[in-house]
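A quick write-up on the structure given underneath.
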Amino acid sequence: MDKLIIKARAITLKELGDDTFYGMPYAERIKEKAIFISDKLGAQKTAVTLAAYLHALSKNERPTSSIESSDKASIVLKKIGCPESLRIQIIKIIILSDSKNWDTSKRPKSIEEKIFYDAKVSEDISSIGILKHLMQLKEQNLKNSGLIDSIDDFIKEKYGSLFFEKTKNMIEYDYRLVSEFVNNAKKQGDVL
Amino acid sequence: MESVIASYVTNALAEQPDILAHTNRVVNYCKIIGKTEKVNMDILMMSAWLHDICWSNQEINPETIKTHAQESSIMAKEILEKINMSDNVVEKVSSAIASHEQLNENPSNEMRILFEADHLDRLGAIGISRIFSTYGVKAGLEIINKRILPFMETWFVTKKGFDLAREKIHFLNMFADNYNDELIRVQKS
């Protein structure tokens with residue numbers, strides 16, 4: 001299994017490059033968070049590690065759909081000789097890491113799916129996540145006046161969707177910091 | 001006179017809501033700081049309203065203008081001359097605007113307060129939002145880490161300016177420490 005991880009990591013590094021926000025450092029951050037949350041929860045760490053490395057393959061300086069990423073991840077996993085059952089498990093983890101893909105029948109159920117979702121949300125609820133979110137909002141041509149309200153809603157929704165208390169404890173400082181960001185901005189003015 | 005200028009600027013920057021919102025905050029900061037210092041409030045208010053007026057010119061190219069402070073100073077001068085303001089007022093307002101990015105060695109109180117008010121808006125959550133949403137993530141980090149964090153405490157000389165800046169400086173330090181720690185930690189690992 002270690003060989004699979006080494007191969008997947010090498011491919012990710014080649015594909016994503018070293019961009020701090022969307023490249024290999026991003027994949028490493030998600031992996032570290034996922035492994036931290038996994039500890040003592042009995043999760044299969046190989047699956048979450050491979051998902052962390054491969055979930056962002058379609059990201060090119062900006063987020064794209066997790067469906068697209070899962071397609072690319074599937075190709076890579078086949079190429080590096082990943083067992084079929086593990087490949088299917090990883091693809092599902094990647095797809096369900098985006099709540100846009102959830103419906104009544106499709107939601108994270110396995111421990112690995114929930115852990116990976118929490119790891120990704122942890123990145124969103126951080127200073128880095130806020131900076132990335134700001135960029136995305138700007139790309140959507142949202143007027144600055146709506147940015148802070150949008151960030152406020154985003155943080156609350158994401159925090160409320162976390163599965164594990166352990167994740168909430170892990171990001172306690174980050175959550176307070178980004179909440180303070182919103183409060184600070186509101187205090188400074190209703191519009192940016 | 002302030003209401004005439006305010007109305008002119010509000011119309012001129014109607015297509016630039018972010019700049020107009022920034023201008024409004026700078027005007028408010030100038031009012032707060034100005035009350036505690038010896039200043040000509042008329043000069044200060046006109047300077048505050050007009051300090052970024054160059055961005056009302058949609059054809060202006062941020063890449064090619066010398067500095068937006070100088071460009072705004074020239075435009076402010078033209079506007080004030082058109083409404084028959086005295087040479088003395090025109091000179092004082094345009095000088096304050098010209099130096100709002102970089103203060104001269106012996107700034108007048110109006111210059112100093114406009115500088116502090118404008119720089120207050122580079123701090124705190126609003127500062128972070130403005131910088132990152134304008135310049136993007138990579139350039140934003142560069143600006144905050146190299147052009148703001150090392151200097152921000154030297155920008156404020158007036159007591160009120162420093163009081164207003166304190167909380168914003170504290171927040172910006174906390175926020176920058178947090179993302180820098182995270183980025184460095186992952187790079188090391």
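Chain labels A, B, ... are given in the sequence in which chains occur in the structure tokens; within each chain residues are numbered consecutively from 1, and ligands are likewise numbered from 1 in the order shown.
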
Exercise. Report as a list in words the set of chain B residues whose atoms approach chain A to within 8 Å, with distances computed over only C-alpha atoms.
Key: Pro17, Asp18, Ala21, His22, Arg25, Gly124, Ala125, Ile126, Ser129, Arg130, Phe132, Ser133, Gly136, Val137, Phe171, Phe175, Asn178, Tyr179, Leu183, Val186 and Gln187 of chain B

Quiz prompt | Selection near Val157 of chain B, 10 Å with only C-alpha atoms, sequence-local residues under 4 positions removed, as an MDAnalysis selection string | solution = chainID B and resid 112:113 116 153 161:162

Practice problem: Considering only C-alpha atoms, return as number ranges by chain whatever protein or nucleic-acid residues lie within 12 Å of Lys160 of chain B, sequence-local ones (same chain, fewer than 2 positions apart) excluded. | Solution: B: 29-37, 113, 116-117, 120, 156-158, 162-166

Using N, CA and C atoms, can you export the residues from the last selection as a short mmCIF file (atom, residue, chain, number, x, y, z; two decimals), in the first residue's frame?
```cif
data_model
loop_
_atom_site.label_atom_id
_atom_site.label_comp_id
_atom_site.auth_asym_id
_atom_site.auth_seq_id
_atom_site.Cartn_x
_atom_site.Cartn_y
_atom_site.Cartn_z
N TYR B 29 -12.95 58.09 8.98
CA TYR B 29 -11.74 58.06 9.81
C TYR B 29 -11.16 59.48 9.95
N CYS B 30 -11.17 60.24 8.85
CA CYS B 30 -10.64 61.61 8.90
C CYS B 30 -11.45 62.47 9.88
N LYS B 31 -12.77 62.27 9.87
CA LYS B 31 -13.62 63.05 10.79
C LYS B 31 -13.25 62.72 12.24
N ILE B 32 -13.10 61.42 12.51
CA ILE B 32 -12.82 60.98 13.89
C ILE B 32 -11.45 61.50 14.34
N ILE B 33 -10.43 61.31 13.49
CA ILE B 33 -9.08 61.74 13.89
C ILE B 33 -8.99 63.27 13.89
N GLY B 34 -9.62 63.87 12.87
CA GLY B 34 -9.54 65.33 12.71
C GLY B 34 -10.07 66.09 13.92
N LYS B 35 -11.09 65.51 14.59
CA LYS B 35 -11.67 66.17 15.76
C LYS B 35 -10.67 66.28 16.90
N THR B 36 -9.67 65.41 16.90
CA THR B 36 -8.73 65.39 18.03
C THR B 36 -7.43 66.13 17.72
N GLU B 37 -7.31 66.69 16.52
CA GLU B 37 -6.07 67.36 16.13
C GLU B 37 -6.39 68.78 15.63
N ILE B 113 -3.20 63.20 8.62
CA ILE B 113 -4.45 62.51 8.97
C ILE B 113 -5.02 61.76 7.76
N GLU B 116 -3.04 58.60 7.48
CA GLU B 116 -3.41 57.61 8.51
C GLU B 116 -4.78 56.99 8.20
N ALA B 117 -5.73 57.83 7.79
CA ALA B 117 -7.08 57.32 7.50
C ALA B 117 -7.04 56.32 6.35
N LEU B 120 -5.43 53.12 7.57
CA LEU B 120 -6.27 52.33 8.47
C LEU B 120 -7.07 51.31 7.68
N PHE B 156 1.25 55.29 12.15
CA PHE B 156 0.31 56.08 12.97
C PHE B 156 1.05 56.89 14.03
N VAL B 157 0.87 58.18 13.93
CA VAL B 157 1.54 59.11 14.85
C VAL B 157 0.51 59.78 15.76
N THR B 158 -0.66 60.10 15.20
CA THR B 158 -1.68 60.74 16.05
C THR B 158 -2.21 59.71 17.04
N PHE B 162 -3.63 55.96 16.13
CA PHE B 162 -3.04 54.74 16.69
C PHE B 162 -4.08 53.93 17.46
N ASP B 163 -4.97 54.64 18.18
CA ASP B 163 -6.04 53.93 18.90
C ASP B 163 -6.92 53.13 17.93
N LEU B 164 -7.25 53.78 16.82
CA LEU B 164 -8.10 53.11 15.82
C LEU B 164 -7.36 51.93 15.17
N ALA B 165 -6.04 52.08 15.05
CA ALA B 165 -5.26 51.05 14.35
C ALA B 165 -4.97 49.84 15.23
N ARG B 166 -4.92 50.05 16.55
CA ARG B 166 -4.41 49.00 17.44
C ARG B 166 -5.10 47.65 17.24
#
```

Quiz item: Residues at most 12 Å from Ser86 of chain B, counting only C-alpha atoms, excluding those fewer than 6 positions away in the same chain, as an NGL selection string?
Solution: :B and (43 or 77 or 80 or 92-93)

Self-check item: Near-Asp118 of chain A list (9 Å; only C-alpha atoms; drop same-chain fewer than 5 positions) as a PyMOL selection string
Solution: chain A and resi 33-34+37+97+113+123+161-164+167

Quiz item: Using the chain letters and numbers from this document, which residues of segment 3-178 of chain B does DSSP assign to alpha helix (DSSP H), as an MDAnalysis selection string?
Solution: chainID B and resid 3:12 17:34 41:50 68:82 87:98 109:120 124:135 137:142 159:178
